[in-house]
Structure formats: C-alpha cells, structure tokens
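**Student:** Before I ask anything, here is the structure I am working with.
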Amino acid sequence: MKKIFTPFLFVLALSHPTHCSTATPQRQQPLQILVFSPHPDDDVIGCGGSIAKYIKHGHKVAIIYMTSGTALAAAGMATKLGVIREQEATEAAKTLGVTDLTFLRQQDYALSYSEPLVTTLRGLIEKIKPDRIYMPTTNDEHKDHVATHQLVRAALTQIKSNSIVLCYEVWPPLQRTDHKEDITDCMDLKMAALGKHMSQLGKKRFDLAIKALNNYRGIMTGYGTYCECFELLK
Ligand SMILES: [Zn+2]
C-alpha cells in the first residue's frame with residue numbers, strides 16, 4: 001500500500017501539500033481540525049488517537065456530533081439517554097483535550113440526506129474553516145455513518161472546499177488505507193476516552209475491539225504498536 005506521509009511529517013505534508021520541502025514541521029500555524037461523528041463515540045473510535053496527537057502538538061480540534069445516539073433507548077427514555085450520551089461525549093473529548101463541541105441532535109438511526117442539513121453543515125464548515133476534516137468512510141454497515149459521509153461530502157461540494165478529508169473506520173475495517181498515524185503514545189488517552197462511554201460499554205466491550213484493531217494496524221503497517229488508518233477522500 002502507498003505511504004503518503006511519514007507520521008512525524010504528517011502535519012507538514014498535509015498542511016502544505018505543495019510546499020512541503022520548505023517549512024518546518026510542528027511549529028507552523030496551528031491547524032484547525034474538524035471531526036464529524038455520527039454518534040457520540042465514533043470520533044474516539046475512529047480517530048481518538050489522532051485527535052489527542054493534534055492537541056499534543058498544539059493544533060485545534062472541533063467535533064460535531066450528528067445524533068446523540070438515542071435509538072436504543074427504552075420507551076420514554078430517549079431524552080434522558082441523549083443527555084447521558086452527550087455528557088459522556090463531553091467527558092471523552094475533554095480527556096483528549098477537546099472542548100469545542102457541537103451537538104446537532106438529529107434523529108438517531110434515521111439520519112439521511114436533506115438539503116437543510118447540508119446547509120447547516122456547510123455553515124459550520126465555513127465558520128470553522130478546517131484544514132482537515134475527519135468523517136466515517138462510506139463503506140460502513142451503519143446507515144447513520146454512511147449518511148454522515150454523504151452529507152459532509154455534499155456540503156464540501158457546495159463550498160468547493162480545499163480541506164483535506166480523511167475517512168476513518170468504525171466497525172468494518174477499511175479496505176484501502178492511504179494514511180497511517182502512529183498513535184502509540186496516545187493510546188492510553190484514547191482508551192481513557194473510550195472508557196467514558198459507560199452507557200455503551202455495558203453492552204459490548206468495543207473499546208477492547210478497537211484497541212485490537214489499532215494494534216493490528218500497527219503490526220501490519222509498521223507504524224507503531226498502535227495505529228489509526230484512514231482513507232483519503234479524493
Ligand atoms: Zn456510530
């Protein structure tokens with residue numbers, strides 16, 4: 001598979017794709033990163049290690065949660081679960097060092113293309129002006145993840161954005177990995193952030209599954225003990 005960036009030069013290579021031989025990495029203007037998360041835990045699952053790494057290097061990260069993940073709430077408990085999950089997302093983001101959060105509170109498991117929602121996303125992207133965007137890959141089995149991908153893509157098309165877009169894996173592993181990020185030094189923070197999602201971990205220990213996936217990625221790519229892989233949106 002093609003390696004497009006070395007881990008340490010990632011900041012430089014992606015922020016100045018056509019001028020990467022002239023600048024010094026890490027000490028550039030802080031980059032603005034924007035993460036789209038269909039549910040309150042997908043951000044940490046897909047790119048939590050990378051988020052922590054950006055923060056560690058002095059960059060800025062904003063996260064937008066499309067839904068508050070209430071589809072599996074017991075009858076009459078959706079509002080309460082939404083509050084709990086937003087609190088868990090807030091604590092998880094804080095663990096990674098992120099406080100710039102937006103909750104769009106769209107209906108969980110019913111996310112679909114709509115012009116008003118595309119307009120909302122477009123407005124947020126224009127306001128935040130991200131250098132890089134993270135969102136789920138379209139090759140995902142969850143319809144909300146696919147819808148998020150399509151909605152963000154539609155918004156970007158309207159703006160004609162130059163943002164670099166990296167698609168993360170949540171449940172099905174990516175088939176194509178264009179970028180690999182060594183997150184070994186941030187894996188403890190990622191696990192701590194995943195641990196904040198207590199309402200979900202009681203059903204399935206997906207934190208252990210994600211740790212195993214990141215370990216698998218590290219072993220197979222040679223990018224550290226733990227690695228997050230991404231598909232570049234072209
Ligand atoms: Zn999700």
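In the structure tokens, each chain is lettered A, B, ... as it comes, each chain's residues begin at 1, and ligands are numbered from 1 in order of appearance.
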Just list the residues in stretch 10-102 of chain A DSSP gives strand (DSSP E or B) on the backbone, as a ChimeraX atom specification.
**Tutor:** /A:32-37,60-67,100-102
**Student:** Please dump the current selection as a compact mmCIF listing (two decimals), in the first residue's frame; keep all heavy atoms.
**Tutor:**
```txt
# COMPACT_ATOMS: atom_id res chain seq x y z
N GLN A 32 -6.45 23.77 12.06
CA GLN A 32 -7.81 23.58 12.56
C GLN A 32 -8.32 22.25 12.03
O GLN A 32 -8.39 22.04 10.82
CB GLN A 32 -8.72 24.71 12.11
CG GLN A 32 -10.17 24.54 12.54
CD GLN A 32 -10.37 24.60 14.05
OE1 GLN A 32 -10.11 25.62 14.68
NE2 GLN A 32 -10.82 23.49 14.65
N ILE A 33 -8.65 21.38 12.93
CA ILE A 33 -9.17 20.06 12.58
C ILE A 33 -10.66 20.03 12.89
O ILE A 33 -11.10 20.54 13.92
CB ILE A 33 -8.46 18.96 13.41
CG1 ILE A 33 -6.94 19.13 13.37
CG2 ILE A 33 -8.88 17.57 12.95
CD1 ILE A 33 -6.32 19.11 12.01
N LEU A 34 -11.43 19.40 12.02
CA LEU A 34 -12.87 19.24 12.26
C LEU A 34 -13.24 17.76 12.11
O LEU A 34 -12.94 17.15 11.08
CB LEU A 34 -13.67 20.09 11.27
CG LEU A 34 -15.20 19.95 11.33
CD1 LEU A 34 -15.75 20.25 12.72
CD2 LEU A 34 -15.85 20.88 10.30
N VAL A 35 -13.87 17.23 13.15
CA VAL A 35 -14.26 15.81 13.15
C VAL A 35 -15.78 15.72 13.13
O VAL A 35 -16.46 16.35 13.96
CB VAL A 35 -13.73 15.09 14.41
CG1 VAL A 35 -14.17 13.63 14.42
CG2 VAL A 35 -12.20 15.20 14.47
N PHE A 36 -16.32 14.95 12.20
CA PHE A 36 -17.75 14.66 12.17
C PHE A 36 -17.98 13.28 12.76
O PHE A 36 -17.38 12.29 12.31
CB PHE A 36 -18.29 14.72 10.74
CG PHE A 36 -18.44 16.11 10.22
CD1 PHE A 36 -17.42 16.69 9.48
CD2 PHE A 36 -19.57 16.85 10.49
CE1 PHE A 36 -17.54 18.01 9.01
CE2 PHE A 36 -19.71 18.16 10.02
CZ PHE A 36 -18.69 18.73 9.28
N SER A 37 -18.86 13.22 13.74
CA SER A 37 -19.12 11.97 14.45
C SER A 37 -20.62 11.67 14.39
O SER A 37 -21.43 12.42 14.93
CB SER A 37 -18.67 12.13 15.91
OG SER A 37 -18.74 10.91 16.59
N LYS A 60 -5.75 22.76 16.83
CA LYS A 60 -7.12 22.94 17.36
C LYS A 60 -8.04 21.87 16.76
O LYS A 60 -7.97 21.59 15.56
CB LYS A 60 -7.65 24.32 16.97
CG LYS A 60 -6.84 25.47 17.52
CD LYS A 60 -7.52 26.75 17.10
CE LYS A 60 -6.54 27.90 17.03
NZ LYS A 60 -7.06 29.03 16.29
N VAL A 61 -8.92 21.37 17.59
CA VAL A 61 -9.86 20.34 17.12
C VAL A 61 -11.28 20.72 17.54
O VAL A 61 -11.51 21.11 18.69
CB VAL A 61 -9.51 18.95 17.71
CG1 VAL A 61 -10.51 17.90 17.23
CG2 VAL A 61 -8.08 18.53 17.32
N ALA A 62 -12.19 20.64 16.60
CA ALA A 62 -13.62 20.81 16.87
C ALA A 62 -14.33 19.52 16.47
O ALA A 62 -13.92 18.86 15.50
CB ALA A 62 -14.18 21.99 16.08
N ILE A 63 -15.35 19.15 17.21
CA ILE A 63 -16.08 17.91 16.91
C ILE A 63 -17.57 18.24 16.78
O ILE A 63 -18.14 18.95 17.62
CB ILE A 63 -15.88 16.85 18.01
CG1 ILE A 63 -14.39 16.60 18.25
CG2 ILE A 63 -16.59 15.54 17.63
CD1 ILE A 63 -14.08 15.70 19.46
N ILE A 64 -18.17 17.71 15.73
CA ILE A 64 -19.61 17.87 15.51
C ILE A 64 -20.27 16.50 15.61
O ILE A 64 -19.90 15.57 14.87
CB ILE A 64 -19.90 18.51 14.13
CG1 ILE A 64 -19.32 19.93 14.10
CG2 ILE A 64 -21.40 18.51 13.83
CD1 ILE A 64 -19.39 20.59 12.74
N TYR A 65 -21.23 16.36 16.51
CA TYR A 65 -21.97 15.11 16.69
C TYR A 65 -23.30 15.23 15.97
O TYR A 65 -24.12 16.10 16.29
CB TYR A 65 -22.18 14.82 18.18
CG TYR A 65 -20.89 14.69 18.94
CD1 TYR A 65 -20.30 15.79 19.57
CD2 TYR A 65 -20.23 13.46 18.99
CE1 TYR A 65 -19.09 15.66 20.24
CE2 TYR A 65 -19.01 13.33 19.66
CZ TYR A 65 -18.45 14.44 20.28
OH TYR A 65 -17.25 14.32 20.94
N MET A 66 -23.52 14.35 15.01
CA MET A 66 -24.73 14.43 14.19
C MET A 66 -25.98 14.04 15.00
O MET A 66 -27.01 14.69 14.90
CB MET A 66 -24.61 13.50 12.98
CG MET A 66 -23.41 13.80 12.09
SD MET A 66 -23.47 15.43 11.33
CE MET A 66 -24.79 15.21 10.15
N THR A 67 -25.90 12.94 15.74
CA THR A 67 -27.01 12.50 16.59
C THR A 67 -26.47 12.32 18.01
O THR A 67 -25.26 12.32 18.23
CB THR A 67 -27.61 11.15 16.13
OG1 THR A 67 -26.75 10.08 16.59
CG2 THR A 67 -27.73 11.06 14.62
N ASP A 100 -14.32 22.13 22.04
CA ASP A 100 -15.14 22.76 21.00
C ASP A 100 -16.08 21.71 20.40
O ASP A 100 -15.73 21.02 19.44
CB ASP A 100 -14.22 23.37 19.93
CG ASP A 100 -15.00 24.15 18.88
OD1 ASP A 100 -16.25 24.12 18.91
OD2 ASP A 100 -14.36 24.80 18.03
N LEU A 101 -17.26 21.58 20.98
CA LEU A 101 -18.19 20.51 20.59
C LEU A 101 -19.52 21.10 20.13
O LEU A 101 -20.01 22.08 20.71
CB LEU A 101 -18.44 19.56 21.77
CG LEU A 101 -17.22 19.03 22.52
CD1 LEU A 101 -17.67 18.12 23.66
CD2 LEU A 101 -16.28 18.30 21.59
N THR A 102 -20.10 20.49 19.12
CA THR A 102 -21.43 20.88 18.64
C THR A 102 -22.31 19.64 18.56
O THR A 102 -21.91 18.64 17.95
CB THR A 102 -21.34 21.52 17.24
OG1 THR A 102 -20.46 22.64 17.30
CG2 THR A 102 -22.71 21.97 16.75
```
**Student:** Would you write out, as JSON lines, a table of all residues in chain A that have an atom no more than 8 Å from an atom of ligand 1, listing for each the closest atom pair and the distance in Å to one decimal, considering only C-alpha atoms and all ligand atoms and ordering rows by chain and rising residue number?
**Tutor:**
```
{"residue": "A:Ser37", "atom": "CA", "partner": "ligand 1", "partner_atom_place_in_ligand_line": "1 (Zn)", "distance": 7.2}
{"residue": "A:Pro38", "atom": "CA", "partner": "ligand 1", "partner_atom_place_in_ligand_line": "1 (Zn)", "distance": 5.3}
{"residue": "A:His39", "atom": "CA", "partner": "ligand 1", "partner_atom_place_in_ligand_line": "1 (Zn)", "distance": 4.5}
{"residue": "A:Pro40", "atom": "CA", "partner": "ligand 1", "partner_atom_place_in_ligand_line": "1 (Zn)", "distance": 7.3}
{"residue": "A:Asp41", "atom": "CA", "partner": "ligand 1", "partner_atom_place_in_ligand_line": "1 (Zn)", "distance": 6.6}
{"residue": "A:Asp42", "atom": "CA", "partner": "ligand 1", "partner_atom_place_in_ligand_line": "1 (Zn)", "distance": 5.0}
{"residue": "A:Gly69", "atom": "CA", "partner": "ligand 1", "partner_atom_place_in_ligand_line": "1 (Zn)", "distance": 7.7}
{"residue": "A:His142", "atom": "CA", "partner": "ligand 1", "partner_atom_place_in_ligand_line": "1 (Zn)", "distance": 7.0}
{"residue": "A:Asp144", "atom": "CA", "partner": "ligand 1", "partner_atom_place_in_ligand_line": "1 (Zn)", "distance": 6.9}
{"residue": "A:His145", "atom": "CA", "partner": "ligand 1", "partner_atom_place_in_ligand_line": "1 (Zn)", "distance": 6.1}
{"residue": "A:Val170", "atom": "CA", "partner": "ligand 1", "partner_atom_place_in_ligand_line": "1 (Zn)", "distance": 7.3}
```
**Student:** Create the file for the chosen residues now, containing C-alpha atoms and written as a PDB file, in the first residue's frame.
**Tutor:**
```pdb
ATOM      1  CA  SER A  37     -19.123  11.971  14.449  1.00  0.00           C
ATOM      2  CA  PRO A  38     -22.462  10.285  13.635  1.00  0.00           C
ATOM      3  CA  HIS A  39     -22.893   9.174  17.260  1.00  0.00           C
ATOM      4  CA  PRO A  40     -21.266  10.304  20.499  1.00  0.00           C
ATOM      5  CA  ASP A  41     -18.482   7.673  20.420  1.00  0.00           C
ATOM      6  CA  ASP A  42     -17.488   7.359  16.751  1.00  0.00           C
ATOM      7  CA  GLY A  69     -27.270   8.144  19.921  1.00  0.00           C
ATOM      8  CA  HIS A 142     -24.296   1.633   9.840  1.00  0.00           C
ATOM      9  CA  ASP A 144     -26.030   6.888  10.011  1.00  0.00           C
ATOM     10  CA  HIS A 145     -22.317   6.605   9.304  1.00  0.00           C
ATOM     11  CA  VAL A 170     -15.547   2.342  12.848  1.00  0.00           C
TER      12      VAL A 170
END
```
**Student:** Counting only C-alpha atoms, figure out which residue out of A:Thr137, A:Asn162, A:Thr99, A:Thr177 gets nearest to A:Met220.
**Tutor:**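 Looking only at the distances to A:Met220, the closest residue turns out to be A:Thr177.
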**Student:** Using only C-alpha atoms, what table do you get, as a tab-separated table, when you list each residue of stretch 62-123 of chain A with an atom no more than 8 Å from stretch 150-159 of chain A, its nearest pair of atoms, and their distance in Å rounded to one decimal, rows by chain then rising number?
**Tutor:**
```
residue	atom	partner	partner_atom	distance
A:Ser112	CA	A:Leu151	CA	7.9
A:Tyr113	CA	A:Leu151	CA	6.0
A:Ser114	CA	A:Leu151	CA	7.8
A:Leu117	CA	A:Leu151	CA	7.5
A:Val118	CA	A:Ala155	CA	5.3
A:Thr119	CA	A:Ala155	CA	6.9
A:Leu121	CA	A:Ala155	CA	6.2
A:Arg122	CA	A:Ala155	CA	4.9
```
**Student:** Write out, as an mmCIF file, in the first residue's frame, the residues just selected, with N, CA, C and O atoms.
**Tutor:**
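Generated output (selection.cif):
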```cif
data_model
loop_
_atom_site.group_PDB
_atom_site.id
_atom_site.type_symbol
_atom_site.label_atom_id
_atom_site.label_comp_id
_atom_site.auth_asym_id
_atom_site.auth_seq_id
_atom_site.Cartn_x
_atom_site.Cartn_y
_atom_site.Cartn_z
ATOM 1 N N SER A 112 -30.461 10.956 7.250
ATOM 2 C CA SER A 112 -30.497 10.791 5.797
ATOM 3 C C SER A 112 -30.226 12.145 5.148
ATOM 4 O O SER A 112 -30.197 13.185 5.823
ATOM 5 N N TYR A 113 -30.061 12.097 3.857
ATOM 6 C CA TYR A 113 -29.753 13.317 3.121
ATOM 7 C C TYR A 113 -30.912 14.309 3.202
ATOM 8 O O TYR A 113 -32.071 13.944 2.996
ATOM 9 N N SER A 114 -30.601 15.539 3.523
ATOM 10 C CA SER A 114 -31.616 16.589 3.442
ATOM 11 C C SER A 114 -30.902 17.905 3.171
ATOM 12 O O SER A 114 -29.821 18.152 3.727
ATOM 13 N N LEU A 117 -30.092 20.118 6.194
ATOM 14 C CA LEU A 117 -28.967 19.628 6.998
ATOM 15 C C LEU A 117 -27.633 19.883 6.280
ATOM 16 O O LEU A 117 -26.636 20.247 6.914
ATOM 17 N N VAL A 118 -27.637 19.720 4.977
ATOM 18 C CA VAL A 118 -26.420 20.041 4.206
ATOM 19 C C VAL A 118 -26.068 21.513 4.392
ATOM 20 O O VAL A 118 -24.903 21.876 4.592
ATOM 21 N N THR A 119 -27.090 22.362 4.372
ATOM 22 C CA THR A 119 -26.871 23.805 4.568
ATOM 23 C C THR A 119 -26.293 24.077 5.955
ATOM 24 O O THR A 119 -25.385 24.905 6.116
ATOM 25 N N LEU A 121 -24.475 21.990 7.781
ATOM 26 C CA LEU A 121 -23.079 21.523 7.793
ATOM 27 C C LEU A 121 -22.188 22.490 7.022
ATOM 28 O O LEU A 121 -21.072 22.807 7.454
ATOM 29 N N ARG A 122 -22.705 22.967 5.925
ATOM 30 C CA ARG A 122 -21.945 23.923 5.120
ATOM 31 C C ARG A 122 -21.616 25.177 5.954
ATOM 32 O O ARG A 122 -20.489 25.668 5.943
#
```
**Student:** Ranking A:Asp207, A:Leu104, A:Tyr223, A:Glu126 by minimum distance to A:Lys190 and counting only C-alpha atoms, which one comes first?
**Tutor:**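 Closest candidate: A:Asp207.
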**Student:** Quick check, in Å to one decimal: how far apart do atom CA of A:Tyr226 and atom CA of A:Met198 lie?
**Tutor:**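 That distance, rounded to one decimal, is 22.9 Å.
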